[in-house]
>>> print(open('model.cif').read())   # mmCIF, C-alpha atoms
data_final
#
loop_
_atom_site.group_PDB
_atom_site.id
_atom_site.type_symbol
_atom_site.label_atom_id
_atom_site.label_comp_id
_atom_site.auth_asym_id
_atom_site.auth_seq_id
_atom_site.Cartn_x
_atom_site.Cartn_y
_atom_site.Cartn_z
ATOM 1 C CA MET A 203 15.791 -40.311 8.261
ATOM 2 C CA ALA A 204 12.615 -40.324 6.186
ATOM 3 C CA ASP A 205 11.802 -43.622 4.507
ATOM 4 C CA ARG A 206 12.263 -43.138 0.740
ATOM 5 C CA SER A 207 10.316 -46.284 -0.065
ATOM 6 C CA LYS A 208 7.077 -44.503 0.958
ATOM 7 C CA VAL A 209 7.187 -42.001 -1.925
ATOM 8 C CA GLY A 210 3.949 -42.383 -3.881
ATOM 9 C CA LYS A 211 2.174 -44.157 -1.027
ATOM 10 C CA GLU A 212 -1.459 -43.221 -0.397
ATOM 11 C CA TYR A 213 -2.961 -43.447 3.072
ATOM 12 C CA ASP A 214 -6.425 -44.194 4.425
ATOM 13 C CA PRO A 215 -8.830 -41.388 3.552
ATOM 14 C CA ILE A 216 -9.732 -38.698 6.064
ATOM 15 C CA VAL A 217 -13.527 -38.346 6.113
ATOM 16 C CA TRP A 218 -14.752 -35.100 7.628
ATOM 17 C CA GLU A 219 -18.206 -33.580 7.949
ATOM 18 C CA VAL A 220 -17.998 -29.796 7.780
ATOM 19 C CA GLU A 221 -19.821 -28.319 10.750
ATOM 20 C CA ARG A 222 -21.114 -24.758 10.952
ATOM 21 C CA CYS A 223 -19.801 -24.302 14.486
ATOM 22 C CA LYS A 224 -16.291 -25.446 13.542
ATOM 23 C CA ILE A 225 -16.185 -22.817 10.795
ATOM 24 C CA ARG A 226 -17.168 -20.183 13.361
ATOM 25 C CA GLU A 227 -14.653 -21.568 15.866
ATOM 26 C CA MET A 228 -11.773 -21.408 13.364
ATOM 27 C CA ALA A 229 -12.635 -17.828 12.329
ATOM 28 C CA GLN A 230 -12.900 -16.758 15.978
ATOM 29 C CA ALA A 231 -9.614 -18.420 16.922
ATOM 30 C CA ILE A 232 -7.882 -16.505 14.127
ATOM 31 C CA GLY A 233 -9.729 -13.348 15.193
ATOM 32 C CA ASP A 234 -11.219 -12.930 11.723
ATOM 33 C CA PHE A 235 -14.600 -11.296 12.217
ATOM 34 C CA ASN A 236 -15.649 -11.363 8.569
ATOM 35 C CA PRO A 237 -19.422 -12.001 8.885
ATOM 36 C CA ILE A 238 -19.452 -14.492 5.989
ATOM 37 C CA TYR A 239 -17.994 -17.142 8.324
ATOM 38 C CA VAL A 240 -20.717 -16.819 10.965
ATOM 39 C CA ASP A 241 -23.820 -15.282 9.409
ATOM 40 C CA ARG A 242 -25.638 -17.223 6.696
ATOM 41 C CA GLU A 243 -27.468 -14.133 5.444
ATOM 42 C CA ALA A 244 -24.277 -12.079 5.206
ATOM 43 C CA ALA A 245 -22.673 -14.967 3.315
ATOM 44 C CA ARG A 246 -25.614 -15.203 0.881
ATOM 45 C CA LYS A 247 -25.513 -11.452 0.246
ATOM 46 C CA ALA A 248 -21.803 -11.812 -0.554
ATOM 47 C CA GLY A 249 -22.553 -14.497 -3.149
ATOM 48 C CA TYR A 250 -22.079 -17.750 -1.199
ATOM 49 C CA ARG A 251 -24.612 -20.564 -0.840
ATOM 50 C CA ASP A 252 -23.916 -20.692 2.909
ATOM 51 C CA THR A 253 -21.091 -19.751 5.296
ATOM 52 C CA PRO A 254 -17.815 -20.633 3.509
ATOM 53 C CA VAL A 255 -14.673 -21.880 5.250
ATOM 54 C CA PRO A 256 -11.604 -19.709 5.998
ATOM 55 C CA PRO A 257 -8.554 -20.261 3.736
ATOM 56 C CA THR A 258 -6.652 -22.422 6.259
ATOM 57 C CA PHE A 259 -9.675 -24.510 7.313
ATOM 58 C CA LEU A 260 -8.282 -27.739 5.870
ATOM 59 C CA THR A 261 -5.733 -27.933 8.672
ATOM 60 C CA MET A 262 -8.692 -29.089 10.770
ATOM 61 C CA PRO A 263 -9.534 -32.454 9.167
ATOM 62 C CA MET A 264 -5.816 -33.171 8.941
ATOM 63 C CA MET A 265 -5.118 -32.464 12.625
ATOM 64 C CA TRP A 266 -8.342 -33.881 14.110
ATOM 65 C CA SER A 267 -7.941 -37.119 12.169
ATOM 66 C CA SER A 268 -4.403 -37.539 13.596
ATOM 67 C CA SER A 269 -3.437 -38.259 10.012
ATOM 68 C CA MET A 270 -0.186 -36.293 10.202
ATOM 69 C CA PRO A 271 1.315 -38.006 13.305
ATOM 70 C CA MET A 272 0.387 -41.403 11.792
ATOM 71 C CA LEU A 273 2.065 -40.449 8.542
ATOM 72 C CA ILE A 274 5.189 -39.123 10.293
ATOM 73 C CA ASN A 275 5.371 -42.411 12.168
ATOM 74 C CA ASP A 276 4.939 -44.491 8.991
ATOM 75 C CA LEU A 277 7.657 -42.462 7.261
ATOM 76 C CA LYS A 278 9.975 -43.262 10.181
ATOM 77 C CA ILE A 279 10.593 -39.549 10.707
ATOM 78 C CA ASN A 280 11.949 -38.486 14.100
ATOM 79 C CA PHE A 281 8.976 -36.571 15.518
ATOM 80 C CA PHE A 282 11.184 -34.343 17.682
ATOM 81 C CA MET A 283 13.282 -33.228 14.711
ATOM 82 C CA VAL A 284 10.391 -32.187 12.461
ATOM 83 C CA LEU A 285 9.656 -28.613 11.438
ATOM 84 C CA HIS A 286 6.666 -27.465 9.441
ATOM 85 C CA GLY A 287 8.461 -25.834 6.511
ATOM 86 C CA GLU A 288 5.694 -24.883 4.139
ATOM 87 C CA GLU A 289 1.945 -25.152 3.706
ATOM 88 C CA GLY A 290 -0.118 -24.529 0.605
ATOM 89 C CA TYR A 291 -3.628 -24.870 -0.737
ATOM 90 C CA GLU A 292 -5.277 -24.988 -4.129
ATOM 91 C CA TYR A 293 -8.980 -24.172 -4.054
ATOM 92 C CA TYR A 294 -11.274 -25.715 -6.683
ATOM 93 C CA LYS A 295 -14.804 -25.423 -5.240
ATOM 94 C CA ASP A 296 -16.481 -23.850 -2.228
ATOM 95 C CA ILE A 297 -16.845 -25.935 0.939
ATOM 96 C CA TYR A 298 -19.991 -25.423 3.035
ATOM 97 C CA PRO A 299 -21.573 -26.678 6.274
ATOM 98 C CA GLY A 300 -22.959 -30.179 5.820
ATOM 99 C CA ASP A 301 -20.453 -31.127 3.141
ATOM 100 C CA ILE A 302 -18.693 -34.413 3.729
ATOM 101 C CA ILE A 303 -15.186 -34.121 2.419
ATOM 102 C CA THR A 304 -12.791 -36.995 1.906
ATOM 103 C CA GLY A 305 -9.066 -36.352 1.793
ATOM 104 C CA VAL A 306 -6.525 -38.846 0.495
ATOM 105 C CA PRO A 307 -3.008 -38.169 1.832
ATOM 106 C CA ARG A 308 -0.123 -39.078 -0.448
ATOM 107 C CA VAL A 309 3.648 -38.825 -0.072
ATOM 108 C CA VAL A 310 4.795 -36.800 -3.092
ATOM 109 C CA SER A 311 8.538 -36.672 -2.535
ATOM 110 C CA VAL A 312 11.399 -37.048 -0.096
ATOM 111 C CA GLU A 313 14.477 -35.015 -0.955
ATOM 112 C CA GLU A 314 17.723 -34.450 0.864
ATOM 113 C CA LYS A 315 18.923 -30.908 1.283
ATOM 114 C CA VAL A 316 22.040 -29.531 2.959
ATOM 115 C CA SER A 317 21.577 -26.409 5.089
ATOM 116 C CA LYS A 318 23.902 -23.407 4.920
ATOM 117 C CA ALA A 319 25.498 -24.723 8.103
ATOM 118 C CA GLY A 320 26.237 -28.020 6.336
ATOM 119 C CA LYS A 321 23.567 -30.053 8.136
ATOM 120 C CA LYS A 322 21.593 -32.664 6.215
ATOM 121 C CA MET A 323 17.811 -32.369 6.141
ATOM 122 C CA ASP A 324 15.042 -34.432 4.574
ATOM 123 C CA MET A 325 12.346 -32.438 2.817
ATOM 124 C CA VAL A 326 9.124 -34.466 2.814
ATOM 125 C CA THR A 327 6.199 -33.243 0.711
ATOM 126 C CA ILE A 328 2.722 -34.562 1.472
ATOM 127 C CA GLU A 329 -0.410 -33.729 -0.473
ATOM 128 C CA ILE A 330 -4.007 -34.325 0.531
ATOM 129 C CA LEU A 331 -6.581 -34.128 -2.262
ATOM 130 C CA TYR A 332 -10.088 -33.436 -0.944
ATOM 131 C CA THR A 333 -13.291 -34.506 -2.706
ATOM 132 C CA ASN A 334 -16.836 -33.695 -1.589
ATOM 133 C CA GLN A 335 -19.903 -35.942 -1.270
ATOM 134 C CA ASN A 336 -20.730 -35.333 -4.952
ATOM 135 C CA GLY A 337 -17.363 -36.647 -6.058
ATOM 136 C CA GLU A 338 -16.144 -33.146 -6.967
ATOM 137 C CA GLN A 339 -12.563 -32.190 -6.141
ATOM 138 C CA VAL A 340 -12.762 -29.220 -3.756
ATOM 139 C CA ALA A 341 -9.174 -28.504 -2.705
ATOM 140 C CA LYS A 342 -5.670 -29.779 -2.382
ATOM 141 C CA ALA A 343 -3.446 -29.226 0.656
ATOM 142 C CA ARG A 344 0.325 -29.503 0.445
ATOM 143 C CA THR A 345 2.580 -29.765 3.485
ATOM 144 C CA LEU A 346 6.374 -29.653 3.507
ATOM 145 C CA LEU A 347 7.923 -31.275 6.562
ATOM 146 C CA VAL A 348 11.597 -30.704 7.278
ATOM 147 C CA GLU A 349 13.345 -33.404 9.261
ATOM 148 C CA ARG A 350 16.673 -32.290 10.703
ATOM 149 C CA ARG A 351 19.123 -35.173 10.833
ATOM 150 C CA MET B 906 -14.887 -5.685 3.389
ATOM 151 C CA SER B 907 -13.950 -3.418 0.556
ATOM 152 C CA ALA B 908 -16.114 -2.538 -2.419
ATOM 153 C CA GLN B 909 -16.028 -4.883 -5.402
ATOM 154 C CA LEU B 910 -12.522 -5.128 -6.803
ATOM 155 C CA PHE B 911 -12.134 -5.536 -10.572
ATOM 156 C CA PHE B 912 -9.173 -7.008 -12.429
ATOM 157 C CA GLU B 913 -8.685 -3.751 -14.306
ATOM 158 C CA ASP B 914 -8.411 -1.765 -11.050
ATOM 159 C CA VAL B 915 -5.372 -3.733 -9.902
ATOM 160 C CA ASN B 916 -1.865 -2.951 -11.122
ATOM 161 C CA VAL B 917 1.417 -4.765 -10.725
ATOM 162 C CA GLY B 918 3.220 -3.122 -7.815
ATOM 163 C CA ASP B 919 0.017 -2.238 -5.936
ATOM 164 C CA LEU B 920 0.184 -2.824 -2.194
ATOM 165 C CA LEU B 921 -2.413 -4.786 -0.251
ATOM 166 C CA PRO B 922 -3.870 -2.976 2.761
ATOM 167 C CA ALA B 923 -1.654 -3.978 5.710
ATOM 168 C CA LEU B 924 -3.233 -5.938 8.566
ATOM 169 C CA SER B 925 -1.857 -6.007 12.110
ATOM 170 C CA LYS B 926 -2.777 -8.786 14.547
ATOM 171 C CA GLY B 927 -1.917 -8.876 18.192
ATOM 172 C CA PRO B 928 -0.213 -8.576 20.539
ATOM 173 C CA LEU B 929 -0.642 -12.348 20.682
ATOM 174 C CA MET B 930 -1.874 -13.836 23.941
ATOM 175 C CA LYS B 931 -1.335 -17.390 25.139
ATOM 176 C CA LEU B 932 -5.113 -17.644 25.373
ATOM 177 C CA GLN B 933 -5.266 -17.376 21.592
ATOM 178 C CA HIS B 934 -3.001 -20.430 21.333
ATOM 179 C CA VAL B 935 -5.507 -22.357 23.451
ATOM 180 C CA LEU B 936 -8.398 -21.194 21.275
ATOM 181 C CA TYR B 937 -6.509 -22.139 18.134
ATOM 182 C CA ALA B 938 -5.487 -25.544 19.507
ATOM 183 C CA GLY B 939 -9.142 -26.319 20.205
ATOM 184 C CA ALA B 940 -10.290 -25.077 16.824
ATOM 185 C CA SER B 941 -7.608 -26.692 14.703
ATOM 186 C CA GLY B 942 -7.045 -29.889 16.657
ATOM 187 C CA ASP B 943 -3.308 -29.193 16.937
ATOM 188 C CA PHE B 944 -2.734 -30.013 20.608
ATOM 189 C CA ASN B 945 1.061 -30.083 20.488
ATOM 190 C CA PRO B 946 1.912 -28.816 24.026
ATOM 191 C CA LEU B 947 4.739 -26.775 22.505
ATOM 192 C CA HIS B 948 2.036 -24.171 21.838
ATOM 193 C CA THR B 949 0.147 -24.226 25.141
ATOM 194 C CA ASP B 950 2.352 -25.521 27.974
ATOM 195 C CA ASP B 951 5.320 -23.361 29.024
ATOM 196 C CA ASP B 952 6.872 -26.125 31.142
ATOM 197 C CA PHE B 953 6.779 -28.536 28.230
ATOM 198 C CA ALA B 954 8.124 -25.928 25.795
ATOM 199 C CA ARG B 955 11.074 -25.184 28.127
ATOM 200 C CA SER B 956 11.755 -28.910 28.480
ATOM 201 C CA VAL B 957 12.298 -29.125 24.707
ATOM 202 C CA GLY B 958 14.598 -26.136 24.563
ATOM 203 C CA MET B 959 12.296 -23.119 24.185
ATOM 204 C CA LYS B 960 13.698 -21.071 27.046
ATOM 205 C CA ASP B 961 11.021 -18.394 26.707
ATOM 206 C CA GLY B 962 8.187 -20.921 26.750
ATOM 207 C CA VAL B 963 5.462 -21.610 24.218
ATOM 208 C CA ILE B 964 5.625 -20.644 20.557
ATOM 209 C CA THR B 965 2.667 -19.781 18.345
ATOM 210 C CA HIS B 966 1.142 -22.316 15.917
ATOM 211 C CA GLY B 967 2.576 -21.547 12.485
ATOM 212 C CA MET B 968 -0.869 -22.279 11.070
ATOM 213 C CA LEU B 969 -2.392 -19.541 13.247
ATOM 214 C CA VAL B 970 0.001 -17.036 11.695
ATOM 215 C CA MET B 971 -0.916 -18.443 8.261
ATOM 216 C CA GLY B 972 -4.536 -17.850 9.320
ATOM 217 C CA PHE B 973 -3.675 -14.186 9.941
ATOM 218 C CA VAL B 974 -2.202 -13.990 6.443
ATOM 219 C CA GLY B 975 -5.380 -15.597 5.084
ATOM 220 C CA GLN B 976 -7.399 -12.917 6.832
ATOM 221 C CA ALA B 977 -5.258 -10.162 5.292
ATOM 222 C CA ILE B 978 -5.841 -11.688 1.844
ATOM 223 C CA THR B 979 -9.603 -12.112 2.225
ATOM 224 C CA ASP B 980 -9.931 -8.585 3.631
ATOM 225 C CA TRP B 981 -8.707 -7.518 0.188
ATOM 226 C CA VAL B 982 -10.204 -10.071 -2.232
ATOM 227 C CA PRO B 983 -13.401 -12.036 -1.555
ATOM 228 C CA ARG B 984 -12.837 -15.530 -0.145
ATOM 229 C CA LYS B 985 -14.413 -17.155 -3.191
ATOM 230 C CA CYS B 986 -11.880 -15.501 -5.517
ATOM 231 C CA LEU B 987 -8.916 -17.234 -3.871
ATOM 232 C CA ARG B 988 -7.398 -19.918 -6.119
ATOM 233 C CA ASP B 989 -4.205 -20.846 -4.295
ATOM 234 C CA PHE B 990 -2.295 -19.775 -1.187
ATOM 235 C CA ASN B 991 1.207 -20.964 -0.268
ATOM 236 C CA VAL B 992 3.492 -20.019 2.594
ATOM 237 C CA ARG B 993 6.941 -20.780 3.918
ATOM 238 C CA PHE B 994 7.444 -20.617 7.678
ATOM 239 C CA SER B 995 10.688 -18.793 8.303
ATOM 240 C CA GLY B 996 10.633 -17.731 11.946
ATOM 241 C CA MET B 997 9.002 -18.557 15.245
ATOM 242 C CA THR B 998 6.248 -16.351 16.646
ATOM 243 C CA ARG B 999 5.751 -15.903 20.381
ATOM 244 C CA PRO B 1000 3.145 -14.484 22.746
ATOM 245 C CA GLY B 1001 3.511 -10.717 22.868
ATOM 246 C CA ASN B 1002 4.387 -10.440 19.186
ATOM 247 C CA THR B 1003 2.283 -8.225 16.967
ATOM 248 C CA ILE B 1004 2.178 -9.607 13.442
ATOM 249 C CA THR B 1005 1.788 -7.272 10.488
ATOM 250 C CA ILE B 1006 0.956 -8.684 7.059
ATOM 251 C CA THR B 1007 1.826 -6.777 3.907
ATOM 252 C CA GLY B 1008 1.554 -7.771 0.285
ATOM 253 C CA THR B 1009 2.324 -6.711 -3.263
ATOM 254 C CA VAL B 1010 0.749 -7.491 -6.615
ATOM 255 C CA LYS B 1011 3.400 -9.257 -8.706
ATOM 256 C CA ASP B 1012 1.584 -10.305 -11.862
ATOM 257 C CA LYS B 1013 -1.698 -10.245 -13.756
ATOM 258 C CA VAL B 1014 -2.523 -13.090 -16.120
ATOM 259 C CA ALA B 1015 -5.442 -14.495 -18.092
ATOM 260 C CA LYS B 1016 -5.865 -18.198 -17.359
ATOM 261 C CA GLY B 1017 -8.645 -19.802 -19.359
ATOM 262 C CA GLU B 1018 -11.769 -17.757 -18.660
ATOM 263 C CA GLU B 1019 -10.340 -16.281 -15.496
ATOM 264 C CA HIS B 1020 -8.459 -13.058 -14.760
ATOM 265 C CA ILE B 1021 -5.840 -13.882 -12.166
ATOM 266 C CA VAL B 1022 -3.789 -11.599 -9.940
ATOM 267 C CA VAL B 1023 -0.670 -13.100 -8.384
ATOM 268 C CA CYS B 1024 0.591 -11.528 -5.156
ATOM 269 C CA GLU B 1025 3.364 -11.955 -2.612
ATOM 270 C CA VAL B 1026 2.710 -11.662 1.111
ATOM 271 C CA VAL B 1027 4.991 -11.271 4.125
ATOM 272 C CA ALA B 1028 4.224 -11.505 7.860
ATOM 273 C CA ARG B 1029 6.627 -9.723 10.205
ATOM 274 C CA ASP B 1030 6.694 -9.026 13.920
ATOM 275 C CA GLU B 1031 7.079 -5.600 15.546
ATOM 276 C CA ALA B 1032 10.883 -5.838 15.225
ATOM 277 C CA GLY B 1033 10.610 -6.511 11.502
ATOM 278 C CA ASP B 1034 11.589 -10.182 11.802
ATOM 279 C CA VAL B 1035 9.997 -12.248 9.048
ATOM 280 C CA LYS B 1036 7.695 -15.080 10.187
ATOM 281 C CA ILE B 1037 6.105 -16.077 6.904
ATOM 282 C CA THR B 1038 6.720 -15.384 3.245
ATOM 283 C CA GLY B 1039 4.152 -16.536 0.762
ATOM 284 C CA SER B 1040 2.086 -16.003 -2.318
ATOM 285 C CA PHE B 1041 -1.477 -16.336 -3.483
ATOM 286 C CA SER B 1042 -3.479 -16.002 -6.641
ATOM 287 C CA ALA B 1043 -7.041 -14.784 -6.957
ATOM 288 C CA ALA B 1044 -9.485 -14.652 -9.848
ATOM 289 C CA LEU B 1045 -11.068 -11.220 -10.085
ATOM 290 C CA PRO B 1046 -14.121 -10.205 -12.105
ATOM 291 C CA SER B 1047 -13.412 -8.172 -15.233
ATOM 292 C CA ARG B 1048 -15.226 -4.964 -16.162
ATOM 293 C CA HIS B 1049 -15.447 -6.422 -19.659
ATOM 294 C CA GLY B 1050 -17.375 -9.498 -18.472
#
>>> encode(input="model.cif", output="structure tokens")
Amino acid sequence: MADRSKVGKEYDPIVWEVERCKIREMAQAIGDFNPIYVDREAARKAGYRDTPVPPTFLTMPMMWSSSMPMLINDLKINFFMVLHGEEGYEYYKDIYPGDIITGVPRVVSVEEKVSKAGKKMDMVTIEILYTNQNGEQVAKARTLLVERR
Amino acid sequence: MSAQLFFEDVNVGDLLPALSKGPLMKLQHVLYAGASGDFNPLHTDDDFARSVGMKDGVITHGMLVMGFVGQAITDWVPRKCLRDFNVRFSGMTRPGNTITITGTVKDKVAKGEEHIVVCEVVARDEAGDVKITGSFSAALPSRHG
């Protein structure tokens, strides 16, 4: 059962340097061959300063930093009972190669819900607000974890 | 990529061009694990997946399927126009599935200086089973500046 006392808690920041090759790797793994992700000239012609990041790119700093397993552990959530229920992003500014983004994870809420089958579940919402090296907010990621009890 | 899309060209009820991805191969799970950093063996190791109750073996990363939806969106509106993108994972995807993403324009609103279109998206497999439902909003240029 998720620890309610952690609502509002902020965790150590995730610091992540955006690398050109990781942008390419993410686009290729998805099978998205839009040239803006791999070709600087194509990106510039399309109105970007450099190759932008795909819409789900921010899963990368979160997963590579092992932030989510640490958080699940701190929330005393049973790892084997967790489902990824929802994911969402708000985009404020473009993210480009060479940017150093800092994400601060925060537990927004823990709510109990009863499934149609009558089983209790904890709905845990986590947000990570990302800021770039200029102190500008670039994006927010929101994850809903569902812990079956 | 399509030609420049203007706010005035989009109407509530319009359909996004559908995008089909797949059939999914286990190799793509490996590629996505490496890219994303999600090395949960549930997505790459059949023996492990069976040991935790997935009798047919590995399941696809939900975030990979969300990536497909992101591709469908940015095939229609430029990446830089995207303002928010939210999904709910409602079914498991497996190797062999072909995922088709469709979408509908639900609303058009002025928000500050921006002209926003709000759309719903759905990802289904070849049997019609829903994997993801979601929404996004995008700021489009206006013909009136």
>>> resolve_selection(input="model.cif", expression="the PyMOL selection byres ((chain B) within 8 of (chain A))", output="JSON, numbers by chain")
{"B": [906, 933, 936, 937, 940, 941, 942, 943, 967, 968, 969, 971, 972, 973, 975, 976, 984, 985, 987, 988, 989, 990, 991, 992, 993, 994, 995]}
>>> residues_around(input="model.cif", residues="Asp1030 in chain B", least_positions_apart="3", cutoff="7 Å", atoms="all atoms listed in the file", output="PyMOL selection string")
chain B and resi 1002-1005+1033-1035
>>> write_last_selection(input="model.cif", atoms="C-alpha atoms", output="mmCIF file, keeping the file's coordinate frame")
data_model
loop_
_atom_site.group_PDB
_atom_site.id
_atom_site.type_symbol
_atom_site.label_atom_id
_atom_site.label_comp_id
_atom_site.auth_asym_id
_atom_site.auth_seq_id
_atom_site.Cartn_x
_atom_site.Cartn_y
_atom_site.Cartn_z
ATOM 1 C CA ASN B 1002 4.387 -10.440 19.186
ATOM 2 C CA THR B 1003 2.283 -8.225 16.967
ATOM 3 C CA ILE B 1004 2.178 -9.607 13.442
ATOM 4 C CA THR B 1005 1.788 -7.272 10.488
ATOM 5 C CA GLY B 1033 10.610 -6.511 11.502
ATOM 6 C CA ASP B 1034 11.589 -10.182 11.802
ATOM 7 C CA VAL B 1035 9.997 -12.248 9.048
#
>>> closest_residue(input="model.cif", among="A:Asp241, A:Glu329, A:Glu219, A:Asp324", to="Ala204 in chain A", atoms="all atoms listed in the file")
A:Asp324
>>> resolve_selection(input="model.cif", expression="the PyMOL selection byres ((chain B and resi 909) around 12)", output="NGL selection string")
(:A and (248-249)) or (:B and (906-908 or 910-915 or 980-983 or 986 or 1045-1048))
>>> closest_residue(input="model.cif", among="A:Gln339, A:Ser207, A:Asn334, A:Ser269", to="Pro299 in chain A", atoms="all atoms listed in the file")
A:Asn334
>>> residues_around(input="model.cif", residues="Val1026 in chain B", least_positions_apart="6", cutoff="8 Å", atoms="only C-alpha atoms", output="list in words")
Val974, Ile1006, Thr1007, Gly1008, Thr1009, Thr1038, Gly1039, Ser1040 and Phe1041 of chain B
>>> atom_distance(input="model.cif", atom1="CA of Glu338 in chain A", atom2="CA of Val217 in chain A")
14.3 Å
>>> atom_distance(input="model.cif", atom1="CA of Thr327 in chain A", atom2="CA of Ala938 in chain B")
23.4 Å
>>> atom_distance(input="model.cif", atom1="CA of Arg308 in chain A", atom2="CA of Glu349 in chain A")
17.5 Å
>>> resolve_selection(input="model.cif", expression="the PyMOL selection byres ((chain B and resi 945-953) around 6)", output="MDAnalysis selection string")
chainID B and resid 943:944 954:956 962:965
